[in-house]
Amino acid sequence: MILQQALAQSHEYAKKVVREGDTVIDATCGNGHDTLFLAGLVGDSGKVYAFDIQKEALGITRKRLLENGMLHRCFLIPDGHQNMHRYVNQPVKLVLFNLGYRPGGDHSICTRGETTIKAVETALNLLVVHGLIVLVIYHGGDTGFEERDYLLKALPDLNPKKAAVMMTSFINLPNNPPILVCIEKLG
Ligand code: SAM
């Protein structure tokens with residue numbers, strides 16, 4: 001297929017904005033695939049702050065980064081992304097949210113609309129102008145539709161002077177393919 005799923009698109013947007021030396025945030029590090037990807041983009045002089053509420057997720061991510069020689073570029077933080085402002089005190093270029101539960105983990109430990117929207121608002125304050133927040137929203141199946149519904153109700157209320165919000169989704173494919181939301185900070 002030429003058209004890409006939400007996760008692949010999220011990486012394409014990340015590649016568009018992130019440059020060597022940048023600071024970025026992985027808001028949901030999970031099994032560490034995205035953290036490793038982002039660590040590759042920021043290069044040796046950049047930084048990735050990666051959050052997860054599961055110690056196990058941070059352990060898996062740590063091992064993955066170590067095996068790939070990229071741990072020194074990353075700060076792994078055992079706290080919710082809604083608290084990111086307590087740990088990051090410099091402008092960031094990109095914040096990636098890969099929502100839902102950790103594949104292979106406990107499906108009941110998953111992201112929630114209320115905390116995700118708080119984190120998005122906090123992330124907007126940390127972003128540089130024209131920096132991006134990218135959300136991959138899973139829905140259906142174990143995760144249900146709650147977080148999707150919450151976010152799709154709340155995100156259109158973001159101030160259009162401060163942020164442009166774009167949503168992309170497949171509208172006819174089966175099995176509830178994830179939705180991509182990109183938010184660009186305008187001012
Ligand atoms: N990016 C991951 C990867 O590359 O493997 C996948 C992330 S997984 C879909 C979602 C993760 O979000 C889970 O590991 C879960 O523990 C975590 N999570 C849930 N609530 C969170 C919160 N408030 N702050 C940070 N992480 C959270």
# chains A, B, ... in the order shown; residues from 1 in each chain; ligands from 1
>>> residues_near_ligand(ligand="ligand 1", cutoff="7 Å", atoms="only C-alpha atoms and all ligand atoms", output="JSON, numbers by chain")
{"A": [27, 28, 29, 30, 31, 32, 33, 34, 35, 51, 52, 53, 54, 57, 79, 80, 81, 82, 98, 99, 100, 101, 102, 103, 109, 110, 111, 112, 115, 116]}
>>> write_last_selection(atoms="N, CA and C atoms", output="mmCIF file, in the first residue's frame")
data_model
loop_
_atom_site.group_PDB
_atom_site.id
_atom_site.type_symbol
_atom_site.label_atom_id
_atom_site.label_comp_id
_atom_site.auth_asym_id
_atom_site.auth_seq_id
_atom_site.Cartn_x
_atom_site.Cartn_y
_atom_site.Cartn_z
ATOM 1 N N ALA A 27 6.371 10.328 24.897
ATOM 2 C CA ALA A 27 5.452 10.428 26.034
ATOM 3 C C ALA A 27 4.991 9.062 26.544
ATOM 4 N N THR A 28 5.202 8.012 25.764
ATOM 5 C CA THR A 28 4.761 6.655 26.152
ATOM 6 C C THR A 28 5.802 5.653 25.661
ATOM 7 N N CYS A 29 6.818 5.397 26.452
ATOM 8 C CA CYS A 29 7.947 4.632 25.858
ATOM 9 C C CYS A 29 7.632 3.152 25.655
ATOM 10 N N GLY A 30 6.735 2.553 26.455
ATOM 11 C CA GLY A 30 6.325 1.163 26.204
ATOM 12 C C GLY A 30 7.511 0.232 26.035
ATOM 13 N N ASN A 31 7.576 -0.451 24.893
ATOM 14 C CA ASN A 31 8.681 -1.390 24.647
ATOM 15 C C ASN A 31 9.903 -0.719 24.024
ATOM 16 N N GLY A 32 9.851 0.587 23.882
ATOM 17 C CA GLY A 32 11.059 1.338 23.508
ATOM 18 C C GLY A 32 11.355 1.459 22.026
ATOM 19 N N HIS A 33 10.450 0.982 21.175
ATOM 20 C CA HIS A 33 10.728 1.081 19.727
ATOM 21 C C HIS A 33 10.773 2.546 19.286
ATOM 22 N N ASP A 34 9.810 3.324 19.782
ATOM 23 C CA ASP A 34 9.778 4.740 19.383
ATOM 24 C C ASP A 34 10.927 5.521 20.021
ATOM 25 N N THR A 35 11.264 5.166 21.264
ATOM 26 C CA THR A 35 12.379 5.869 21.932
ATOM 27 C C THR A 35 13.668 5.658 21.123
ATOM 28 N N PHE A 51 8.881 8.756 28.867
ATOM 29 C CA PHE A 51 8.042 8.546 30.052
ATOM 30 C C PHE A 51 7.270 7.244 29.942
ATOM 31 N N ASP A 52 7.105 6.574 31.083
ATOM 32 C CA ASP A 52 6.116 5.493 31.178
ATOM 33 C C ASP A 52 5.802 5.272 32.656
ATOM 34 N N ILE A 53 4.562 4.831 32.920
ATOM 35 C CA ILE A 53 4.167 4.569 34.302
ATOM 36 C C ILE A 53 4.499 3.135 34.706
ATOM 37 N N GLN A 54 4.978 2.308 33.758
ATOM 38 C CA GLN A 54 5.308 0.915 34.079
ATOM 39 C C GLN A 54 6.822 0.741 34.156
ATOM 40 N N ALA A 57 8.198 -1.458 31.440
ATOM 41 C CA ALA A 57 8.366 -0.814 30.136
ATOM 42 C C ALA A 57 9.714 -0.077 30.087
ATOM 43 N N ASP A 79 7.305 8.102 35.357
ATOM 44 C CA ASP A 79 6.209 8.971 35.792
ATOM 45 C C ASP A 79 5.270 9.173 34.604
ATOM 46 N N GLY A 80 4.069 9.660 34.907
ATOM 47 C CA GLY A 80 3.091 9.913 33.854
ATOM 48 C C GLY A 80 3.492 11.105 32.998
ATOM 49 N N HIS A 81 3.138 11.041 31.724
ATOM 50 C CA HIS A 81 3.510 12.133 30.804
ATOM 51 C C HIS A 81 2.842 13.463 31.179
ATOM 52 N N GLN A 82 1.736 13.399 31.953
ATOM 53 C CA GLN A 82 1.066 14.636 32.381
ATOM 54 C C GLN A 82 1.974 15.457 33.311
ATOM 55 N N ASN A 98 2.289 7.466 21.577
ATOM 56 C CA ASN A 98 1.787 6.229 20.955
ATOM 57 C C ASN A 98 0.877 5.622 22.028
ATOM 58 N N LEU A 99 -0.433 5.864 21.897
ATOM 59 C CA LEU A 99 -1.366 5.641 23.013
ATOM 60 C C LEU A 99 -1.815 4.179 23.119
ATOM 61 N N GLY A 100 -2.550 3.913 24.212
ATOM 62 C CA GLY A 100 -3.096 2.562 24.405
ATOM 63 C C GLY A 100 -2.309 1.784 25.439
ATOM 64 N N TYR A 101 -2.235 0.475 25.254
ATOM 65 C CA TYR A 101 -1.525 -0.389 26.204
ATOM 66 C C TYR A 101 -0.226 -0.899 25.578
ATOM 67 N N ARG A 102 0.659 -1.414 26.433
ATOM 68 C CA ARG A 102 1.947 -1.917 25.945
ATOM 69 C C ARG A 102 1.761 -3.297 25.323
ATOM 70 N N PRO A 103 2.122 -3.472 24.058
ATOM 71 C CA PRO A 103 2.006 -4.799 23.455
ATOM 72 C C PRO A 103 2.796 -5.821 24.280
ATOM 73 N N ILE A 109 -3.437 -1.555 31.870
ATOM 74 C CA ILE A 109 -2.591 -0.364 32.113
ATOM 75 C C ILE A 109 -2.431 0.354 30.780
ATOM 76 N N CYS A 110 -3.265 1.351 30.595
ATOM 77 C CA CYS A 110 -3.257 2.028 29.296
ATOM 78 C C CYS A 110 -3.440 3.531 29.495
ATOM 79 N N THR A 111 -3.215 4.266 28.433
ATOM 80 C CA THR A 111 -3.357 5.719 28.504
ATOM 81 C C THR A 111 -4.842 6.080 28.636
ATOM 82 N N ARG A 112 -5.115 7.245 29.205
ATOM 83 C CA ARG A 112 -6.499 7.695 29.448
ATOM 84 C C ARG A 112 -6.656 9.118 28.917
ATOM 85 N N THR A 115 -5.724 12.242 31.239
ATOM 86 C CA THR A 115 -4.300 12.524 31.473
ATOM 87 C C THR A 115 -3.586 12.851 30.157
ATOM 88 N N THR A 116 -4.031 12.212 29.067
ATOM 89 C CA THR A 116 -3.398 12.510 27.780
ATOM 90 C C THR A 116 -3.619 13.978 27.410
#
>>> select_by_dssp(residues="stretch 20-175 of chain A", states="helix (DSSP H, G or I)", output="PyMOL selection string")
chain A and resi 33-42+55-67+71-73+81-86+113-126+141-143+146-157
>>> write_last_selection(atoms="C-alpha atoms", output="tab-separated table (two decimals), in the first residue's frame")
chain	number	residue	atom	x	y	z
A	33	HIS	CA	10.73	1.08	19.73
A	34	ASP	CA	9.78	4.74	19.38
A	35	THR	CA	12.38	5.87	21.93
A	36	LEU	CA	15.08	4.12	19.91
A	37	PHE	CA	13.77	5.65	16.68
A	38	LEU	CA	13.80	9.14	18.23
A	39	ALA	CA	17.27	8.60	19.73
A	40	GLY	CA	18.48	7.85	16.19
A	41	LEU	CA	16.98	11.12	14.91
A	42	VAL	CA	18.44	13.42	17.59
A	55	LYS	CA	8.74	0.05	35.48
A	56	GLU	CA	8.78	-3.00	33.22
A	57	ALA	CA	8.37	-0.81	30.14
A	58	LEU	CA	11.28	1.38	31.19
A	59	GLY	CA	13.42	-1.73	31.80
A	60	ILE	CA	12.69	-3.09	28.32
A	61	THR	CA	13.38	0.32	26.78
A	62	ARG	CA	16.63	0.68	28.71
A	63	LYS	CA	17.85	-2.70	27.44
A	64	ARG	CA	16.90	-1.87	23.85
A	65	LEU	CA	18.74	1.46	24.00
A	66	LEU	CA	21.78	-0.11	25.64
A	67	GLU	CA	21.98	-2.84	22.98
A	71	LEU	CA	21.17	4.97	26.18
A	72	HIS	CA	23.39	8.02	26.80
A	73	ARG	CA	21.03	10.16	24.65
A	81	HIS	CA	3.51	12.13	30.80
A	82	GLN	CA	1.07	14.64	32.38
A	83	ASN	CA	3.99	15.51	34.69
A	84	MET	CA	6.55	16.06	31.93
A	85	HIS	CA	7.03	19.74	32.85
A	86	ARG	CA	8.61	18.59	36.15
A	113	GLY	CA	-8.08	10.69	27.75
A	114	GLU	CA	-8.02	12.92	30.84
A	115	THR	CA	-4.30	12.52	31.47
A	116	THR	CA	-3.40	12.51	27.78
A	117	ILE	CA	-5.10	15.88	27.21
A	118	LYS	CA	-3.31	17.35	30.25
A	119	ALA	CA	-0.03	16.10	28.80
A	120	VAL	CA	-0.85	17.60	25.38
A	121	GLU	CA	-1.47	21.00	26.99
A	122	THR	CA	1.78	20.73	28.93
A	123	ALA	CA	3.63	19.60	25.82
A	124	LEU	CA	2.36	22.66	23.92
A	125	ASN	CA	4.05	24.87	26.51
A	126	LEU	CA	7.35	23.05	26.09
A	141	GLY	CA	-10.62	-4.02	20.80
A	142	ASP	CA	-9.28	-4.09	24.35
A	143	THR	CA	-8.78	-0.35	24.52
A	146	GLU	CA	-13.23	5.95	25.44
A	147	GLU	CA	-9.86	7.63	24.97
A	148	ARG	CA	-10.51	8.25	21.26
A	149	ASP	CA	-13.89	9.81	21.99
A	150	TYR	CA	-12.48	11.94	24.80
A	151	LEU	CA	-9.61	13.25	22.68
A	152	LEU	CA	-11.66	13.87	19.55
A	153	LYS	CA	-14.05	15.94	21.66
A	154	ALA	CA	-11.30	17.90	23.49
A	155	LEU	CA	-8.69	18.47	20.76
A	156	PRO	CA	-10.87	20.68	18.49
A	157	ASP	CA	-11.07	23.14	21.42
>>> atom_distance(atom1="atom CA of A:Glu184", atom2="atom CA of A:Gly144")
27.2 Å
>>> residues_around(residues="stretch 2-9 of chain A", least_positions_apart="4", cutoff="7 Å", atoms="only C-alpha atoms", output="count of residues only")
5
>>> residues_around(residues="A:Val129", least_positions_apart="6", cutoff="9 Å", atoms="only C-alpha atoms", output="NGL selection string")
:A and (93 or 184-187)
>>> select_by_dssp(residues="chain A", states="strand (DSSP E or B)", output="mmCIF file with C-alpha atoms, in the first residue's frame")
data_model
loop_
_atom_site.group_PDB
_atom_site.id
_atom_site.type_symbol
_atom_site.label_atom_id
_atom_site.label_comp_id
_atom_site.auth_asym_id
_atom_site.auth_seq_id
_atom_site.Cartn_x
_atom_site.Cartn_y
_atom_site.Cartn_z
ATOM 1 C CA THR A 23 15.460 17.634 22.362
ATOM 2 C CA VAL A 24 12.324 15.491 21.951
ATOM 3 C CA ILE A 25 9.915 13.595 24.175
ATOM 4 C CA ASP A 26 8.569 10.067 23.870
ATOM 5 C CA LYS A 47 18.264 14.239 23.984
ATOM 6 C CA VAL A 48 15.163 12.067 24.324
ATOM 7 C CA TYR A 49 13.028 12.245 27.468
ATOM 8 C CA ALA A 50 10.949 9.054 27.634
ATOM 9 C CA PHE A 51 8.042 8.546 30.052
ATOM 10 C CA CYS A 74 17.963 9.261 26.707
ATOM 11 C CA PHE A 75 16.423 10.035 30.089
ATOM 12 C CA LEU A 76 13.979 7.301 31.126
ATOM 13 C CA ILE A 77 11.422 8.687 33.551
ATOM 14 C CA VAL A 92 11.443 20.581 22.616
ATOM 15 C CA LYS A 93 10.949 19.939 18.913
ATOM 16 C CA LEU A 94 8.589 16.964 19.018
ATOM 17 C CA VAL A 95 6.432 15.058 21.477
ATOM 18 C CA LEU A 96 5.256 11.616 20.381
ATOM 19 C CA PHE A 97 2.307 9.838 22.014
ATOM 20 C CA ASN A 98 1.787 6.229 20.955
ATOM 21 C CA TYR A 101 -1.525 -0.389 26.204
ATOM 22 C CA CYS A 110 -3.257 2.028 29.296
ATOM 23 C CA LEU A 127 7.330 23.003 22.286
ATOM 24 C CA VAL A 128 9.204 25.455 20.078
ATOM 25 C CA VAL A 129 7.055 27.343 17.555
ATOM 26 C CA HIS A 130 6.427 24.981 14.593
ATOM 27 C CA GLY A 131 7.329 22.031 16.782
ATOM 28 C CA LEU A 132 4.960 19.053 16.596
ATOM 29 C CA ILE A 133 2.922 16.871 18.918
ATOM 30 C CA VAL A 134 2.040 13.607 17.218
ATOM 31 C CA LEU A 135 -0.575 11.242 18.638
ATOM 32 C CA VAL A 136 -1.279 7.708 17.455
ATOM 33 C CA ILE A 137 -4.721 6.884 18.842
ATOM 34 C CA GLY A 140 -11.678 -0.604 19.520
ATOM 35 C CA GLY A 144 -12.381 0.486 23.642
ATOM 36 C CA ALA A 163 -2.014 25.381 17.550
ATOM 37 C CA ALA A 164 -3.141 23.761 14.305
ATOM 38 C CA VAL A 165 -4.660 20.310 14.822
ATOM 39 C CA MET A 166 -4.918 17.802 11.971
ATOM 40 C CA MET A 167 -6.469 14.341 11.991
ATOM 41 C CA THR A 168 -5.883 11.522 9.494
ATOM 42 C CA ILE A 179 -5.940 7.482 14.025
ATOM 43 C CA LEU A 180 -3.131 10.002 13.600
ATOM 44 C CA VAL A 181 -3.444 13.475 15.120
ATOM 45 C CA CYS A 182 -0.711 16.057 14.516
ATOM 46 C CA ILE A 183 -0.592 19.336 16.402
ATOM 47 C CA GLU A 184 1.711 22.130 15.249
ATOM 48 C CA LYS A 185 2.475 24.927 17.688
#
>>> atom_distance(atom1="atom CA of A:Asp44", atom2="atom CA of A:Glu20")
7.6 Å
>>> atom_distance(atom1="atom CA of A:Lys162", atom2="atom CA of A:Tyr138")
25.8 Å
